[in-house]
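Peer 1: Sharing model23.pdb below, PDB, C-alpha atoms:
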ATOM      1  CA  MET B 200       0.000   0.000   0.000
ATOM      2  CA  ILE B 201       1.387   3.376  -1.032
ATOM      3  CA  GLU B 202       2.159   5.679   1.878
ATOM      4  CA  PRO B 203       2.069   9.343   0.834
ATOM      5  CA  ALA B 204       4.319  11.751   2.685
ATOM      6  CA  PHE B 205       1.600  14.377   2.396
ATOM      7  CA  VAL B 206      -1.868  14.131   0.872
ATOM      8  CA  ILE B 207      -3.156  16.766  -1.541
ATOM      9  CA  LYS B 208      -6.671  15.704  -2.442
ATOM     10  CA  ILE B 209      -9.003  17.262  -4.991
ATOM     11  CA  CYS B 210     -12.528  16.146  -4.153
ATOM     12  CA  GLY B 211     -15.820  16.184  -6.005
ATOM     13  CA  VAL B 212     -14.298  15.145  -9.326
ATOM     14  CA  THR B 213     -16.926  14.334 -11.956
ATOM     15  CA  CYS B 214     -15.026  14.073 -15.251
ATOM     16  CA  GLU B 215     -11.755  12.929 -16.778
ATOM     17  CA  GLU B 216     -10.657  16.475 -17.572
ATOM     18  CA  ASP B 217     -10.835  17.544 -13.933
ATOM     19  CA  ALA B 218      -9.041  14.413 -12.728
ATOM     20  CA  ASP B 219      -6.268  14.957 -15.278
ATOM     21  CA  ALA B 220      -5.951  18.633 -14.342
ATOM     22  CA  ALA B 221      -5.605  17.756 -10.654
ATOM     23  CA  LEU B 222      -2.920  15.145 -11.226
ATOM     24  CA  ASP B 223      -1.068  17.278 -13.757
ATOM     25  CA  ALA B 224      -0.966  20.049 -11.144
ATOM     26  CA  GLY B 225       0.659  17.684  -8.637
ATOM     27  CA  ALA B 226      -2.252  16.426  -6.508
ATOM     28  CA  ASN B 227      -1.891  12.824  -5.375
ATOM     29  CA  ALA B 228      -5.468  11.984  -4.375
ATOM     30  CA  ILE B 229      -8.791  12.228  -6.188
ATOM     31  CA  GLY B 230     -12.202  12.098  -4.499
ATOM     32  CA  PHE B 231     -15.507  10.876  -5.908
ATOM     33  CA  ASN B 232     -18.710  11.827  -4.103
ATOM     34  CA  PHE B 233     -21.282   9.020  -3.848
ATOM     35  CA  TYR B 234     -23.764  11.028  -1.760
ATOM     36  CA  PRO B 235     -26.865  11.384  -4.000
ATOM     37  CA  GLU B 236     -27.864  14.750  -2.525
ATOM     38  CA  SER B 237     -24.552  16.381  -3.378
ATOM     39  CA  PRO B 238     -24.257  18.551  -6.523
ATOM     40  CA  ARG B 239     -21.004  16.641  -7.071
ATOM     41  CA  TYR B 240     -22.625  13.226  -6.979
ATOM     42  CA  ILE B 241     -21.228  10.715  -9.425
ATOM     43  CA  THR B 242     -22.499   7.249 -10.241
ATOM     44  CA  PRO B 243     -20.206   4.298  -9.521
ATOM     45  CA  GLU B 244     -20.201   3.455 -13.229
ATOM     46  CA  ARG B 245     -18.996   6.925 -14.187
ATOM     47  CA  ALA B 246     -16.441   6.956 -11.366
ATOM     48  CA  TYR B 247     -15.071   3.633 -12.598
ATOM     49  CA  ASP B 248     -14.611   5.051 -16.091
ATOM     50  CA  ILE B 249     -12.565   7.933 -14.688
ATOM     51  CA  ALA B 250     -10.646   5.863 -12.134
ATOM     52  CA  SER B 251      -9.630   3.262 -14.687
ATOM     53  CA  SER B 252      -7.856   5.949 -16.704
ATOM     54  CA  LEU B 253      -5.799   7.290 -13.784
ATOM     55  CA  PRO B 254      -2.121   6.395 -13.353
ATOM     56  CA  CYS B 255      -0.839   4.139 -10.611
ATOM     57  CA  GLY B 256       0.241   5.984  -7.480
ATOM     58  CA  CYS B 257      -2.857   8.148  -7.172
ATOM     59  CA  LEU B 258      -5.061   7.580  -4.136
ATOM     60  CA  ILE B 259      -8.662   7.127  -5.282
ATOM     61  CA  ALA B 260     -11.133   7.984  -2.543
ATOM     62  CA  GLY B 261     -14.880   7.615  -2.306
ATOM     63  CA  VAL B 262     -17.081   9.860  -0.149
ATOM     64  CA  PHE B 263     -19.998   8.134   1.587
ATOM     65  CA  VAL B 264     -22.677   9.681   3.806
ATOM     66  CA  ASN B 265     -24.688   7.541   6.239
ATOM     67  CA  ALA B 266     -24.179   4.542   3.975
ATOM     68  CA  PRO B 267     -24.446   0.902   5.092
ATOM     69  CA  SER B 268     -21.280  -1.173   4.870
ATOM     70  CA  SER B 269     -22.794  -3.295   2.105
ATOM     71  CA  GLU B 270     -23.128  -0.210  -0.105
ATOM     72  CA  VAL B 271     -19.651   1.053   0.763
ATOM     73  CA  ASN B 272     -18.136  -2.345  -0.035
ATOM     74  CA  ARG B 273     -20.040  -2.726  -3.290
ATOM     75  CA  ILE B 274     -19.083   0.682  -4.665
ATOM     76  CA  ALA B 275     -15.498   0.497  -3.399
ATOM     77  CA  GLU B 276     -14.976  -2.816  -5.175
ATOM     78  CA  GLN B 277     -16.781  -1.701  -8.329
ATOM     79  CA  VAL B 278     -14.814   1.537  -8.713
ATOM     80  CA  GLY B 279     -11.476   0.278  -7.402
ATOM     81  CA  LEU B 280     -11.245   2.605  -4.424
ATOM     82  CA  GLU B 281      -8.272   2.566  -2.109
ATOM     83  CA  VAL B 282      -9.778   5.021   0.378
ATOM     84  CA  VAL B 283     -13.283   5.200   1.822
ATOM     85  CA  GLN B 284     -14.131   8.554   3.380
ATOM     86  CA  LEU B 285     -17.004   8.191   5.815
ATOM     87  CA  HIS B 286     -19.370  11.033   6.717
ATOM     88  CA  GLY B 287     -22.313  11.038   9.092
ATOM     89  CA  LYS B 288     -22.988   9.207  12.334
ATOM     90  CA  ALA B 289     -24.633   6.242  10.611
ATOM     91  CA  CYS B 290     -21.988   5.551   7.957
ATOM     92  CA  GLU B 291     -20.662   2.046   8.508
ATOM     93  CA  LYS B 292     -17.098   0.886   8.020
ATOM     94  CA  PRO B 293     -16.435  -1.440   5.117
ATOM     95  CA  THR B 294     -15.281  -4.990   5.669
ATOM     96  CA  GLY B 295     -12.687  -4.842   2.886
ATOM     97  CA  ALA B 296      -9.044  -3.846   3.207
ATOM     98  CA  TYR B 297      -9.454  -0.136   2.537
ATOM     99  CA  ARG B 298      -7.904   2.941   4.038
ATOM    100  CA  ILE B 299     -10.575   4.561   6.201
ATOM    101  CA  TRP B 300     -10.777   8.313   6.578
ATOM    102  CA  ARG B 301     -13.471   9.540   8.947
ATOM    103  CA  SER B 302     -14.859  13.025   8.401
ATOM    104  CA  LEU B 303     -15.384  14.962  11.602
ATOM    105  CA  PRO B 304     -16.926  18.426  12.065
ATOM    106  CA  ALA B 305     -14.227  20.588  13.584
ATOM    107  CA  ASN B 306     -16.479  21.771  16.395
ATOM    108  CA  LEU B 307     -16.786  18.271  17.885
ATOM    109  CA  PRO B 308     -14.359  16.795  20.412
ATOM    110  CA  ALA B 309     -11.886  14.150  19.318
ATOM    111  CA  PRO B 310     -13.439  10.660  19.394
ATOM    112  CA  ALA B 311     -12.098   7.654  21.246
ATOM    113  CA  ARG B 312      -9.081   6.044  19.629
ATOM    114  CA  ASP B 313      -9.866   3.710  16.724
ATOM    115  CA  ASP B 314      -6.832   2.120  15.101
ATOM    116  CA  SER B 315      -8.840   1.125  12.029
ATOM    117  CA  ILE B 316      -9.087   4.788  10.999
ATOM    118  CA  GLU B 317      -6.039   5.994   9.109
ATOM    119  CA  ALA B 318      -6.889   9.695   9.336
ATOM    120  CA  TYR B 319      -9.600  12.130  10.347
ATOM    121  CA  LEU B 320     -10.731  14.704   7.838
ATOM    122  CA  LEU B 321     -11.566  17.821   9.824
ATOM    123  CA  ASP B 322     -14.158  19.948   8.065
ATOM    124  CA  SER B 323     -16.371  22.930   8.793
ATOM    125  CA  ALA B 324     -19.523  22.130  10.739
ATOM    126  CA  THR B 325     -22.337  22.415   8.197
ATOM    127  CA  PRO B 326     -25.529  20.377   7.649
ATOM    128  CA  LYS B 327     -24.543  19.332   4.110
ATOM    129  CA  PHE B 328     -21.605  17.015   4.902
ATOM    130  CA  GLY B 329     -18.891  19.142   3.319
ATOM    131  CA  GLY B 330     -18.576  21.217   0.179
ATOM    132  CA  SER B 331     -19.658  24.399   1.959
ATOM    133  CA  GLY B 332     -16.643  26.480   1.015
ATOM    134  CA  GLU B 333     -16.466  27.690   4.611
ATOM    135  CA  THR B 334     -13.330  27.604   6.746
ATOM    136  CA  PHE B 335     -13.156  26.909  10.472
ATOM    137  CA  ASP B 336     -10.896  28.113  13.270
ATOM    138  CA  TRP B 337      -7.752  26.053  12.696
ATOM    139  CA  TYR B 338      -6.202  27.098  15.990
ATOM    140  CA  ALA B 339      -9.167  25.674  17.910
ATOM    141  CA  VAL B 340      -8.184  22.136  16.878
ATOM    142  CA  ARG B 341      -4.401  22.350  17.217
ATOM    143  CA  GLY B 342      -4.466  19.727  19.959
ATOM    144  CA  PHE B 343      -6.279  17.132  17.858
ATOM    145  CA  PRO B 344      -4.522  13.869  18.779
ATOM    146  CA  TYR B 345      -4.789  11.854  15.564
ATOM    147  CA  ARG B 346      -3.513  12.005  12.006
ATOM    148  CA  MET B 347      -5.373  14.826  10.315
ATOM    149  CA  ILE B 348      -6.414  15.974   6.857
ATOM    150  CA  VAL B 349      -7.720  19.544   6.757
ATOM    151  CA  ALA B 350     -10.741  20.468   4.634
ATOM    152  CA  GLY B 351     -13.264  23.283   4.644
ATOM    153  CA  GLY B 352     -12.998  26.292   2.365
ATOM    154  CA  LEU B 353      -9.404  25.774   1.265
ATOM    155  CA  ASP B 354      -7.927  27.403  -1.826
ATOM    156  CA  ALA B 355      -4.630  28.918  -2.907
ATOM    157  CA  SER B 356      -5.127  31.959  -0.695
ATOM    158  CA  ASN B 357      -5.354  30.129   2.624
ATOM    159  CA  VAL B 358      -3.965  26.599   2.365
ATOM    160  CA  ALA B 359      -0.504  27.674   3.525
ATOM    161  CA  GLY B 360      -2.075  29.139   6.657
ATOM    162  CA  ALA B 361      -3.910  25.892   7.396
ATOM    163  CA  ILE B 362      -0.741  23.862   6.966
ATOM    164  CA  ALA B 363       1.292  26.220   9.143
ATOM    165  CA  ALA B 364      -1.347  26.210  11.889
ATOM    166  CA  LEU B 365      -2.011  22.483  12.048
ATOM    167  CA  GLN B 366       0.896  20.663  10.375
ATOM    168  CA  PRO B 367      -1.562  18.079   9.026
ATOM    169  CA  TRP B 368      -0.951  14.908   7.043
ATOM    170  CA  GLY B 369      -2.864  16.393   4.146
ATOM    171  CA  VAL B 370      -5.309  18.916   2.730
ATOM    172  CA  ASP B 371      -8.568  18.469   0.825
ATOM    173  CA  ALA B 372     -10.232  21.046  -1.403
ATOM    174  CA  CYS B 373     -13.406  21.076  -3.444
ATOM    175  CA  SER B 374     -15.920  23.886  -3.839
ATOM    176  CA  ARG B 375     -13.513  26.842  -3.842
ATOM    177  CA  LEU B 376     -11.714  25.314  -6.803
ATOM    178  CA  GLU B 377     -14.816  25.113  -8.974
ATOM    179  CA  SER B 378     -16.061  27.077 -11.946
ATOM    180  CA  SER B 379     -19.535  25.618 -11.277
ATOM    181  CA  PRO B 380     -20.780  22.873  -8.919
ATOM    182  CA  GLY B 381     -19.066  19.667  -9.921
ATOM    183  CA  ARG B 382     -16.629  21.236 -12.388
ATOM    184  CA  LYS B 383     -13.161  22.357 -11.427
ATOM    185  CA  ASP B 384     -11.377  25.477 -12.628
ATOM    186  CA  PRO B 385      -7.945  24.221 -13.775
ATOM    187  CA  VAL B 386      -6.254  27.511 -12.887
ATOM    188  CA  LYS B 387      -7.616  27.433  -9.335
ATOM    189  CA  VAL B 388      -6.620  23.789  -9.000
ATOM    190  CA  ARG B 389      -3.086  24.475 -10.207
ATOM    191  CA  GLU B 390      -2.670  27.456  -7.894
ATOM    192  CA  PHE B 391      -4.029  25.542  -4.913
ATOM    193  CA  VAL B 392      -1.771  22.543  -5.439
ATOM    194  CA  ALA B 393       1.281  24.748  -5.949
ATOM    195  CA  ALA B 394       0.566  26.620  -2.716
ATOM    196  CA  ALA B 395      -0.003  23.379  -0.804
ATOM    197  CA  LEU B 396       3.180  21.804  -2.151
ATOM    198  CA  LYS B 397       5.251  24.846  -1.234
ATOM    199  CA  ALA B 398       3.794  25.049   2.274
ATOM    200  CA  SER B 399       4.205  21.322   2.861
ATOM    201  CA  GLU B 400       7.940  21.537   2.230
ATOM    202  CA  SER B 401       8.313  23.118   5.670
ATOM    203  CA  LEU B 402       6.924  19.939   7.224
ATOM    204  CA  SER B 403       9.439  17.536   5.699
ATOM    205  CA  GLY B 404      12.144  19.735   4.244
ATOM    206  CA  GLN B 405      11.519  18.394   0.777
ATOM    207  CA  ALA B 406       8.942  18.417  -1.968
ATOM    208  CA  VAL B 407       5.995  16.112  -1.518
ATOM    209  CA  THR B 408       5.740  12.924  -3.541
ATOM    210  CA  LEU B 409       3.844   9.674  -3.199
TER     211      LEU B 409
END
For this file, produce the structure as structure tokens.

Peer 2:
Amino acid sequence: MIEPAFVIKICGVTCEEDADAALDAGANAIGFNFYPESPRYITPERAYDIASSLPCGCLIAGVFVNAPSSEVNRIAEQVGLEVVQLHGKACEKPTGAYRIWRSLPANLPAPARDDSIEAYLLDSATPKFGGSGETFDWYAVRGFPYRMIVAGGLDASNVAGAIAALQPWGVDACSRLESSPGRKDPVKVREFVAAALKASESLSGQAVTL
């Protein structure tokens, strides 16, 4: 299993062009949203078409909201996911050998330790399970005790600040990089990834690679 030094994830990808733009910019993780109520929802069939064209070494993540484990397993196997990103209190862990990232609203206390969870994705507290474009107070969660990926309103203008404040394992961006819901702006993506890569060098002393 590939172990990235630092995760730069572009989420809510709905087409090959946006996936290619993200990877060409230097991102190393792509996210597909399988929550039907999201404007970035993608069918498993369409996600498979995109995922099958991606190069090896890219983390392919699926976003699930309050989904039963049977659904998570089925879609993860169908698409070829390496990561399952779980949102909502009722979302069940898969039984397969997947990386598990648990989304957690930043205003909630840290949960009890669970060694099956590789990382927690800290996001702004909104009722729509992410994609709000809103940031949260990074300094309020500086004591978070587990491996962390920061989300919530990130773009090229603020990702360096999030990395400096929290020294996370990764960053995740979506709505602020869009030209319209579900479609990424390649310029915004490129600028975001460049800013994240530059800021992440202070964490390891070297450029980030998978």

Peer 1: When the PyMOL selection byres ((chain B and resi 317) around 12) is applied to the file above, which residues end up in the set, as a list in words?

Peer 2: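 What the PyMOL selection byres ((chain B and resi 317) around 12) grabs from the file is Glu202, Glu281, Val282, Val283, Gln284, Leu285, Ala296, Tyr297, Arg298, Ile299, Trp300, Arg301, Ser302, Arg312, Asp313, Asp314, Ser315, Ile316, Ala318, Tyr319, Leu320, Tyr345, Arg346, Met347, Ile348, Trp368 and Gly369 of chain B.
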
Peer 1: Quick one: apply the PyMOL selection byres ((chain B and resi 343) around 12) to the file and drop the selected residues here as a PyMOL selection string.

Peer 2: chain B and resi 303+305-312+318-321+337-342+344-349+364-367

Peer 1: Rank B:Ile241, B:Ala350, B:Leu222, B:Ala289 by their smallest atom-to-atom distance to Gly256 in chain B, using all atoms listed in the file, and report the top residue only.

Peer 2: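 Using all atoms listed in the file, Gly256 in chain B sits closest to B:Leu222.
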
Peer 1: Please, which residues in range 200-227 of chain B fall within 12 Å of range 376-379 of chain B when counting all atoms listed in the file, and what is the closest atom pair and distance in Å to one decimal for each, ordered by chain then residue number, as JSON lines?

Peer 2:
{"residue": "B:Lys208", "atom": "CA", "partner": "B:Leu376", "partner_atom": "CA", "distance": 11.7}
{"residue": "B:Ile209", "atom": "CA", "partner": "B:Leu376", "partner_atom": "CA", "distance": 8.7}
{"residue": "B:Cys210", "atom": "CA", "partner": "B:Leu376", "partner_atom": "CA", "distance": 9.6}
{"residue": "B:Gly211", "atom": "CA", "partner": "B:Glu377", "partner_atom": "CA", "distance": 9.5}
{"residue": "B:Val212", "atom": "CA", "partner": "B:Glu377", "partner_atom": "CA", "distance": 10.0}
{"residue": "B:Thr213", "atom": "CA", "partner": "B:Glu377", "partner_atom": "CA", "distance": 11.4}
{"residue": "B:Asp217", "atom": "CA", "partner": "B:Glu377", "partner_atom": "CA", "distance": 9.9}
{"residue": "B:Ala220", "atom": "CA", "partner": "B:Leu376", "partner_atom": "CA", "distance": 11.6}
{"residue": "B:Ala221", "atom": "CA", "partner": "B:Leu376", "partner_atom": "CA", "distance": 10.5}

Peer 1: Looking at B:Thr242, B:Thr334, B:Ser399, B:Thr325, which one is nearest to Ala363 in chain B, with distances taken over all atoms listed in the file?

Peer 2: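 Looking at the shortest contact to Ala363 in chain B, the residue is B:Ser399.
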